[in-house]
>>> print(open('input.json').read())   # JSON, C-alpha atoms
[["chain", "number", "residue", "atom", "x", "y", "z"],
["A", 1, "MET", "CA", 107.18, 65.76, 90.94],
["A", 2, "THR", "CA", 103.56, 65.93, 92.02],
["A", 3, "ARG", "CA", 100.81, 66.92, 89.65],
["A", 4, "ASP", "CA", 98.44, 69.78, 90.32],
["A", 5, "ALA", "CA", 95.13, 68.76, 91.79],
["A", 6, "PRO", "CA", 92.20, 68.72, 89.37],
["A", 7, "GLY", "CA", 90.30, 71.96, 89.26],
["A", 8, "GLY", "CA", 93.33, 74.22, 89.03],
["A", 9, "PRO", "CA", 96.09, 75.22, 91.41],
["A", 10, "LYS", "CA", 95.45, 75.43, 95.15],
["A", 11, "ARG", "CA", 94.64, 78.81, 96.56],
["A", 12, "PRO", "CA", 97.75, 80.21, 98.24],
["A", 13, "ALA", "CA", 97.81, 80.02, 102.04],
["A", 14, "ARG", "CA", 96.83, 83.29, 103.61],
["A", 15, "GLY", "CA", 97.43, 84.94, 106.94],
["A", 16, "PRO", "CA", 94.81, 85.37, 109.65],
["A", 17, "ARG", "CA", 91.35, 85.90, 108.25],
["A", 18, "ALA", "CA", 89.86, 89.35, 108.15],
["A", 19, "ALA", "CA", 87.45, 88.20, 110.87],
["A", 20, "GLN", "CA", 90.08, 89.12, 113.48],
["A", 21, "SER", "CA", 88.79, 91.99, 115.53],
["A", 22, "ALA", "CA", 90.66, 95.28, 115.90],
["A", 23, "LEU", "CA", 89.48, 95.48, 119.53],
["A", 24, "PRO", "CA", 92.57, 93.94, 121.26],
["A", 25, "GLY", "CA", 94.82, 96.34, 119.35],
["A", 26, "LEU", "CA", 92.60, 99.30, 120.28],
["A", 27, "VAL", "CA", 92.54, 98.39, 123.97],
["A", 28, "ALA", "CA", 96.32, 97.72, 124.04],
["A", 29, "SER", "CA", 97.03, 101.07, 122.29],
["A", 30, "ILE", "CA", 94.94, 103.04, 124.79],
["A", 31, "ALA", "CA", 96.53, 101.18, 127.72],
["A", 32, "LEU", "CA", 100.03, 101.80, 126.32],
["A", 33, "VAL", "CA", 99.40, 105.56, 126.01],
["A", 34, "ALA", "CA", 98.03, 105.67, 129.56],
["A", 35, "LEU", "CA", 100.98, 103.68, 130.95],
["A", 36, "VAL", "CA", 103.70, 105.72, 129.22],
["A", 37, "ALA", "CA", 101.99, 108.99, 130.25],
["A", 38, "LEU", "CA", 101.83, 107.72, 133.85],
["A", 39, "VAL", "CA", 105.53, 106.76, 133.83],
["A", 40, "VAL", "CA", 106.50, 110.18, 132.43],
["A", 41, "VAL", "CA", 104.45, 111.96, 135.12],
["A", 42, "TRP", "CA", 105.90, 109.63, 137.78],
["A", 43, "ALA", "CA", 109.48, 110.28, 136.56],
["A", 44, "ARG", "CA", 108.94, 114.06, 136.52],
["A", 45, "CYS", "CA", 107.45, 114.58, 139.98],
["B", 1, "MET", "CA", 120.95, 112.87, 134.95],
["B", 2, "ASN", "CA", 118.83, 112.95, 138.08],
["B", 3, "ASP", "CA", 116.97, 110.03, 139.69],
["B", 4, "GLN", "CA", 113.74, 110.84, 137.86],
["B", 5, "GLY", "CA", 115.45, 110.50, 134.47],
["B", 6, "ASP", "CA", 116.90, 107.21, 135.67],
["B", 7, "VAL", "CA", 113.45, 105.79, 136.40],
["B", 8, "LEU", "CA", 112.27, 106.75, 132.91],
["B", 9, "ARG", "CA", 115.41, 105.17, 131.46],
["B", 10, "VAL", "CA", 114.93, 101.91, 133.37],
["B", 11, "VAL", "CA", 111.28, 101.56, 132.30],
["B", 12, "GLU", "CA", 112.11, 102.42, 128.68],
["B", 13, "ALA", "CA", 114.85, 99.77, 128.63],
["B", 14, "GLY", "CA", 112.07, 97.32, 129.51],
["B", 15, "LEU", "CA", 109.78, 98.71, 126.80],
["B", 16, "LEU", "CA", 112.47, 98.01, 124.18],
["B", 17, "ALA", "CA", 111.65, 94.32, 124.66],
["B", 18, "GLY", "CA", 108.17, 94.99, 123.25],
["B", 19, "ILE", "CA", 109.71, 95.40, 119.78],
["B", 20, "ARG", "CA", 112.61, 92.92, 119.76],
["B", 21, "PRO", "CA", 112.75, 90.72, 122.90],
["B", 22, "ALA", "CA", 115.80, 88.69, 121.86],
["B", 23, "TRP", "CA", 117.76, 91.79, 120.80],
["B", 24, "THR", "CA", 117.03, 93.30, 124.20],
["B", 25, "VAL", "CA", 118.25, 90.20, 126.04],
["B", 26, "ALA", "CA", 121.36, 90.10, 123.79],
["B", 27, "GLY", "CA", 122.05, 93.75, 124.67],
["B", 28, "CYS", "CA", 121.76, 92.96, 128.39],
["B", 29, "SER", "CA", 123.96, 89.88, 128.00],
["B", 30, "LEU", "CA", 126.70, 91.80, 126.15],
["B", 31, "ALA", "CA", 126.54, 94.70, 128.60],
["B", 32, "ILE", "CA", 126.98, 92.32, 131.56],
["B", 33, "GLY", "CA", 129.60, 90.20, 129.75],
["B", 34, "PHE", "CA", 131.76, 93.22, 128.90],
["B", 35, "GLY", "CA", 131.56, 94.57, 132.43],
["B", 36, "LEU", "CA", 129.37, 97.61, 131.74],
["B", 37, "VAL", "CA", 127.02, 96.70, 134.58],
["B", 38, "PRO", "CA", 128.63, 97.24, 137.98],
["B", 39, "ASP", "CA", 125.76, 95.64, 139.93],
["B", 40, "GLU", "CA", 124.26, 92.87, 137.81],
["B", 41, "GLY", "CA", 122.44, 91.13, 140.71],
["B", 42, "ALA", "CA", 120.75, 87.84, 139.86],
["B", 43, "LEU", "CA", 121.47, 88.27, 136.12],
["B", 44, "GLY", "CA", 125.22, 87.67, 136.37],
["B", 45, "TRP", "CA", 124.93, 84.38, 134.47],
["B", 46, "LEU", "CA", 123.84, 86.33, 131.36],
["B", 47, "GLY", "CA", 127.42, 87.61, 131.11],
["B", 48, "HIS", "CA", 128.88, 84.09, 130.72],
["B", 49, "PRO", "CA", 130.43, 83.64, 127.23],
["B", 50, "ILE", "CA", 128.07, 80.73, 126.41],
["B", 51, "ALA", "CA", 125.04, 82.81, 127.46],
["B", 52, "MET", "CA", 126.35, 85.73, 125.35],
["B", 53, "ALA", "CA", 126.78, 83.50, 122.28],
["B", 54, "LEU", "CA", 123.30, 82.02, 122.74],
["B", 55, "ALA", "CA", 121.70, 85.45, 123.23],
["B", 56, "VAL", "CA", 123.34, 86.80, 120.07],
["B", 57, "GLY", "CA", 122.26, 83.62, 118.22],
["B", 58, "PHE", "CA", 118.64, 84.14, 119.34],
["B", 59, "ALA", "CA", 118.85, 87.79, 118.27],
["B", 60, "ILE", "CA", 119.92, 86.72, 114.76],
["B", 61, "VAL", "CA", 117.09, 84.14, 114.59],
["B", 62, "GLU", "CA", 114.63, 86.85, 115.69],
["B", 63, "TRP", "CA", 115.96, 89.23, 113.04],
["B", 64, "MET", "CA", 115.35, 86.58, 110.34],
["B", 65, "HIS", "CA", 111.98, 85.53, 111.83],
["B", 66, "ALA", "CA", 110.67, 89.11, 111.79],
["B", 67, "ARG", "CA", 110.90, 89.02, 108.00],
["B", 68, "ASP", "CA", 108.84, 85.85, 107.64],
["B", 69, "SER", "CA", 105.25, 86.82, 106.94],
["B", 70, "GLN", "CA", 103.91, 83.29, 107.43],
["B", 71, "ALA", "CA", 105.63, 82.71, 110.78],
["B", 72, "SER", "CA", 103.73, 85.51, 112.50],
["B", 73, "ALA", "CA", 100.39, 84.45, 111.04],
["B", 74, "LEU", "CA", 99.56, 82.29, 114.05],
["B", 75, "SER", "CA", 97.89, 84.25, 116.81],
["B", 76, "ALA", "CA", 99.25, 81.76, 119.37],
["B", 77, "LEU", "CA", 102.74, 82.83, 118.37],
["B", 78, "GLY", "CA", 101.72, 86.45, 118.82],
["B", 79, "PHE", "CA", 100.52, 85.62, 122.31],
["B", 80, "ALA", "CA", 103.82, 83.86, 123.08],
["B", 81, "ARG", "CA", 105.60, 86.92, 121.79],
["B", 82, "SER", "CA", 103.87, 89.15, 124.31],
["B", 83, "GLY", "CA", 104.94, 86.77, 127.10],
["B", 84, "LEU", "CA", 108.49, 86.67, 125.76],
["B", 85, "ALA", "CA", 108.53, 90.48, 125.64],
["B", 86, "LEU", "CA", 107.42, 90.62, 129.27],
["B", 87, "ALA", "CA", 110.18, 88.22, 130.40],
["B", 88, "ALA", "CA", 112.85, 90.03, 128.36],
["B", 89, "ALA", "CA", 111.61, 93.35, 129.73],
["B", 90, "LEU", "CA", 112.13, 92.21, 133.32],
["B", 91, "ALA", "CA", 115.74, 91.29, 132.45],
["B", 92, "ALA", "CA", 116.24, 94.68, 130.75],
["B", 93, "VAL", "CA", 114.83, 96.60, 133.72],
["B", 94, "ALA", "CA", 117.16, 94.70, 136.09],
["B", 95, "THR", "CA", 120.18, 95.26, 133.80],
["B", 96, "MET", "CA", 119.50, 98.97, 133.32],
["B", 97, "ALA", "CA", 118.98, 99.37, 137.06],
["B", 98, "GLY", "CA", 122.44, 97.79, 137.48],
["B", 99, "VAL", "CA", 123.95, 100.21, 134.93],
["B", 100, "GLU", "CA", 122.36, 103.20, 136.68],
["B", 101, "GLY", "CA", 123.11, 101.88, 140.16],
["B", 102, "LEU", "CA", 119.42, 102.33, 140.99],
["B", 103, "GLU", "CA", 117.29, 100.37, 143.44],
["B", 104, "VAL", "CA", 114.18, 99.29, 141.56],
["B", 105, "GLY", "CA", 110.98, 97.98, 143.05],
["B", 106, "ALA", "CA", 107.87, 96.17, 141.88],
["B", 107, "LEU", "CA", 106.48, 99.34, 140.24],
["B", 108, "GLU", "CA", 109.43, 99.68, 137.84],
["B", 109, "TYR", "CA", 109.28, 95.99, 136.93],
["B", 110, "ALA", "CA", 105.50, 96.14, 136.44],
["B", 111, "ALA", "CA", 105.74, 99.26, 134.27],
["B", 112, "GLY", "CA", 108.60, 97.87, 132.14],
["B", 113, "GLY", "CA", 107.17, 94.36, 131.79],
["B", 114, "GLY", "CA", 103.54, 95.41, 131.32],
["B", 115, "GLY", "CA", 104.51, 98.15, 128.88],
["B", 116, "ALA", "CA", 106.57, 95.71, 126.81],
["B", 117, "ALA", "CA", 103.68, 93.21, 126.69],
["B", 118, "LEU", "CA", 101.28, 96.00, 125.62],
["B", 119, "LEU", "CA", 103.72, 97.25, 122.97],
["B", 120, "ALA", "CA", 104.14, 93.67, 121.67],
["B", 121, "THR", "CA", 100.33, 93.27, 121.50],
["B", 122, "VAL", "CA", 99.95, 96.55, 119.59],
["B", 123, "ARG", "CA", 102.77, 95.53, 117.26],
["B", 124, "ASN", "CA", 101.21, 92.09, 116.59],
["B", 125, "SER", "CA", 97.80, 93.64, 115.89],
["B", 126, "VAL", "CA", 99.26, 96.24, 113.53],
["B", 127, "ARG", "CA", 101.19, 93.50, 111.77],
["B", 128, "ASP", "CA", 98.08, 91.31, 111.37],
["B", 129, "ARG", "CA", 96.09, 94.25, 109.97],
["B", 130, "LEU", "CA", 98.88, 95.10, 107.51],
["B", 131, "ALA", "CA", 99.21, 91.45, 106.48],
["B", 132, "GLU", "CA", 95.50, 91.46, 105.57],
["B", 133, "LEU", "CA", 95.91, 94.59, 103.47],
["B", 134, "ALA", "CA", 99.23, 94.08, 101.73],
["B", 135, "GLN", "CA", 100.43, 90.57, 102.71],
["B", 136, "SER", "CA", 104.16, 89.82, 102.77],
["B", 137, "ALA", "CA", 105.39, 93.08, 101.26],
["B", 138, "ALA", "CA", 104.07, 95.00, 104.26],
["B", 139, "SER", "CA", 105.61, 92.68, 106.84],
["B", 140, "ALA", "CA", 109.07, 93.00, 105.28],
["B", 141, "TRP", "CA", 108.85, 96.80, 105.43],
["B", 142, "LEU", "CA", 107.41, 96.70, 108.92],
["B", 143, "ALA", "CA", 110.37, 94.52, 109.99],
["B", 144, "ARG", "CA", 112.84, 97.08, 108.59],
["B", 145, "LEU", "CA", 110.95, 99.90, 110.31],
["B", 146, "GLU", "CA", 111.08, 98.00, 113.60],
["B", 147, "ASP", "CA", 114.84, 97.34, 113.26],
["B", 148, "GLY", "CA", 115.50, 101.03, 112.70],
["B", 149, "GLY", "CA", 113.06, 102.03, 115.43],
["B", 150, "PHE", "CA", 114.71, 99.68, 117.93],
["B", 151, "VAL", "CA", 118.21, 101.06, 117.27],
["B", 152, "LEU", "CA", 116.96, 104.67, 117.42],
["B", 153, "PHE", "CA", 114.93, 104.00, 120.59],
["B", 154, "ALA", "CA", 117.88, 102.21, 122.28],
["B", 155, "THR", "CA", 120.19, 105.15, 121.46],
["B", 156, "LEU", "CA", 117.71, 107.76, 122.66],
["B", 157, "VAL", "CA", 117.15, 105.92, 125.95],
["B", 158, "PHE", "CA", 120.74, 106.85, 126.84],
["B", 159, "VAL", "CA", 120.93, 110.27, 125.14],
["B", 160, "ALA", "CA", 117.47, 111.80, 125.74],
["B", 161, "PRO", "CA", 115.13, 109.53, 127.76],
["B", 162, "LEU", "CA", 112.09, 111.79, 127.30],
["B", 163, "LEU", "CA", 112.06, 111.49, 123.49],
["B", 164, "PRO", "CA", 111.27, 107.72, 123.31],
["B", 165, "ALA", "CA", 108.36, 108.30, 125.74],
["B", 166, "VAL", "CA", 106.98, 111.10, 123.55],
["B", 167, "PHE", "CA", 107.42, 108.90, 120.48],
["B", 168, "LEU", "CA", 105.62, 105.99, 122.18],
["B", 169, "ILE", "CA", 102.68, 108.23, 123.16],
["B", 170, "MET", "CA", 102.43, 109.46, 119.56],
["B", 171, "LEU", "CA", 102.60, 105.87, 118.28],
["B", 172, "GLY", "CA", 99.93, 104.82, 120.78],
["B", 173, "VAL", "CA", 97.59, 107.68, 119.86],
["B", 174, "GLY", "CA", 98.13, 107.02, 116.15],
["B", 175, "SER", "CA", 97.42, 103.30, 116.46],
["B", 176, "THR", "CA", 94.38, 104.00, 118.68],
["B", 177, "VAL", "CA", 92.90, 106.13, 115.88],
["B", 178, "GLY", "CA", 93.85, 103.50, 113.30],
["B", 179, "PHE", "CA", 92.28, 100.63, 115.26],
["B", 180, "ALA", "CA", 89.14, 102.70, 115.97],
["B", 181, "LEU", "CA", 88.78, 103.35, 112.23],
["B", 182, "ALA", "CA", 89.36, 99.65, 111.45],
["B", 183, "LEU", "CA", 86.73, 98.69, 114.03],
["B", 184, "ALA", "CA", 84.23, 101.18, 112.57],
["B", 185, "ALA", "CA", 84.94, 99.92, 109.04],
["B", 186, "ASP", "CA", 84.40, 96.34, 110.20],
["B", 187, "ARG", "CA", 81.12, 97.24, 111.94],
["B", 188, "SER", "CA", 79.86, 98.97, 108.80],
["B", 189, "GLN", "CA", 80.46, 95.73, 106.88],
["B", 190, "ARG", "CA", 78.13, 93.80, 109.19],
["B", 191, "ARG", "CA", 74.37, 93.53, 109.55],
["B", 192, "PRO", "CA", 72.31, 91.99, 112.36],
["B", 193, "CYS", "CA", 70.94, 88.51, 111.62],
["B", 194, "SER", "CA", 67.15, 88.54, 111.32],
["B", 195, "SER", "CA", 66.87, 85.50, 113.59],
["B", 196, "CYS", "CA", 69.40, 85.90, 116.43],
["B", 197, "GLY", "CA", 70.73, 89.43, 115.95],
["B", 198, "HIS", "CA", 74.37, 88.29, 115.54],
["B", 199, "ALA", "CA", 76.44, 90.80, 113.55],
["B", 200, "ALA", "CA", 77.06, 88.79, 110.38],
["B", 201, "ARG", "CA", 79.10, 90.00, 107.42],
["B", 202, "ARG", "CA", 77.11, 91.57, 104.59],
["B", 203, "GLU", "CA", 78.06, 88.89, 102.08],
["B", 204, "ALA", "CA", 77.18, 85.97, 104.40],
["B", 205, "VAL", "CA", 74.57, 83.51, 103.07],
["B", 206, "ARG", "CA", 74.17, 81.86, 106.47],
["B", 207, "CYS", "CA", 74.44, 83.26, 109.99],
["B", 208, "PRO", "CA", 77.65, 81.90, 111.57],
["B", 209, "LYS", "CA", 75.92, 81.72, 114.97],
["B", 210, "CYS", "CA", 72.42, 80.31, 114.44],
["B", 211, "GLN", "CA", 72.90, 78.94, 110.87],
["B", 212, "GLU", "CA", 69.79, 80.85, 109.72],
["B", 213, "ARG", "CA", 69.72, 81.47, 105.95],
["B", 214, "LEU", "CA", 70.51, 85.08, 105.12],
["B", 215, "ASP", "CA", 69.79, 86.97, 101.91],
["B", 216, "PRO", "CA", 73.00, 88.76, 100.91],
["B", 217, "SER", "CA", 71.38, 90.37, 97.84],
["B", 218, "ALA", "CA", 69.22, 92.62, 100.03],
["B", 219, "TRP", "CA", 72.32, 93.93, 101.79],
["B", 220, "LEU", "CA", 74.55, 94.21, 98.77],
["B", 221, "ALA", "CA", 72.00, 96.14, 96.68],
["B", 222, "PRO", "CA", 72.67, 99.87, 96.27],
["B", 223, "PRO", "CA", 70.70, 102.19, 98.55],
["B", 224, "PRO", "CA", 67.22, 103.16, 97.18],
["B", 225, "ARG", "CA", 68.11, 106.82, 96.58],
["B", 226, "LEU", "CA", 71.18, 105.80, 94.56],
["B", 227, "SER", "CA", 69.07, 103.34, 92.53],
["B", 228, "ALA", "CA", 66.49, 106.06, 91.77],
["B", 229, "ARG", "CA", 69.23, 108.45, 90.67],
["B", 230, "LEU", "CA", 70.77, 105.79, 88.42],
["B", 231, "GLU", "CA", 67.35, 105.14, 86.89],
["B", 232, "GLN", "CA", 67.00, 108.87, 86.26],
["B", 233, "LEU", "CA", 70.42, 109.17, 84.64],
["B", 234, "TYR", "CA", 70.25, 106.01, 82.59],
["B", 235, "PRO", "CA", 66.56, 105.31, 81.88],
["B", 236, "ARG", "CA", 65.84, 101.83, 80.63],
["B", 237, "GLU", "CA", 64.76, 101.87, 77.03],
["B", 238, "PRO", "CA", 61.30, 100.36, 76.57],
["B", 239, "GLU", "CA", 61.19, 97.15, 74.56],
["B", 240, "ARG", "CA", 60.27, 98.04, 71.01],
["B", 241, "ALA", "CA", 57.75, 95.92, 69.21],
["B", 242, "ARG", "CA", 59.10, 94.64, 65.93]]
>>> encode(input="input.json", output="structure tokens")
Amino acid sequence: MTRDAPGGPKRPARGPRAAQSALPGLVASIALVALVALVVVWARC
Amino acid sequence: MNDQGDVLRVVEAGLLAGIRPAWTVAGCSLAIGFGLVPDEGALGWLGHPIAMALAVGFAIVEWMHARDSQASALSALGFARSGLALAAALAAVATMAGVEGLEVGALEYAAGGGGAALLATVRNSVRDRLAELAQSAASAWLARLEDGGFVLFATLVFVAPLLPAVFLIMLGVGSTVGFALALAADRSQRRPCSSCGHAARREAVRCPKCQERLDPSAWLAPPPRLSARLEQLYPREPERAR
């Protein structure tokens, strides 16, 4: 069994830092809406 | 169902891969293997029993992986997921075209594959945002929501092909608003660096770009009007001489 490092337990590993921008998600969302709307229009006419 | 509905159905089959690529491929593999696809084209090998067993195995691994909050923490994996979704979508478009007996061209493949990659990107971004806010609890619930959504979507593709499209547009509009709000919230948490103008976080003591020392206390202090009002409400008692 390993002992805890001095200075208390290690901070638990976390996911991606908050620095990740919301921009890719925003662009992908807008593009997805446009694409699905286009396909619906295409399928209807 | 007329030809127009068939086109919608074929593209939506591809979009399914944006949520669960391996499930989509397993569905194609089983459909071909059990003879539900009269014209399977180049994908006939997917109906081989070994391919079917492998596809179902991958689907089970994907189902377990979707519940692992740490596994999706790497953005590189998210990127690979979008590529995987695109590849699985192409297989789904081809399989559904075989089911419908429809000739599909580059436009159908592009719409199905591109749509799946976009949906996978939106899904990864939503997941990353949720992981920041609520960590592993959120990803487990998101995984359950996706499982249910996939089954519902796959059923509706056959029953009422317009409904999944309407649902996707609503999802897209909703996430657009959500991401716009997240972007605005992030911008409001940043201030331009006095030296290079880089948008640094309010609590930063050093600019991440030019390494200039920043004074976080000036940014974290309450606005002057609020300070004045606080002073008015809770005046400081003058030091009494003893």
>>> closest_atom_pairs(input="input.json", of="chain A", to="chain B", cutoff="6 Å", atoms="all atoms listed in the file", output="Markdown table")
| residue | atom | partner | partner_atom | distance |
| --- | --- | --- | --- | --- |
| A:Gly15 | CA | B:Ala73 | CA | 5.1 |
| A:Pro16 | CA | B:Ala73 | CA | 5.8 |
| A:Ala22 | CA | B:Leu183 | CA | 5.5 |
| A:Gly25 | CA | B:Val122 | CA | 5.1 |
| A:Leu26 | CA | B:Phe179 | CA | 5.2 |
| A:Ala28 | CA | B:Leu118 | CA | 5.5 |
| A:Ser29 | CA | B:Gly172 | CA | 5.0 |
| A:Leu32 | CA | B:Leu118 | CA | 6.0 |
| A:Val33 | CA | B:Ile169 | CA | 5.1 |
| A:Ala43 | CA | B:Gln4 | CA | 4.5 |
| A:Arg44 | CA | B:Gln4 | CA | 5.9 |
>>> atom_distance(input="input.json", atom1="CA of His48 (chain B)", atom2="CA of Ile32 (chain B)")
8.5 Å
>>> residues_around(input="input.json", residues="Cys210 (chain B)", least_positions_apart="6", cutoff="9 Å", atoms="only C-alpha atoms", output="VMD selection string")
chain B and resid 193 195 to 196 198
>>> atom_distance(input="input.json", atom1="CA of Ala137 (chain B)", atom2="CA of Arg67 (chain B)")
9.6 Å
>>> closest_residue(input="input.json", among="B:Leu230, B:Val25, B:Ala160, B:Met96", to="Ala53 (chain B)", atoms="only C-alpha atoms")
B:Val25
>>> atom_distance(input="input.json", atom1="CA of Glu146 (chain B)", atom2="CA of Gly35 (chain B)")
28.0 Å
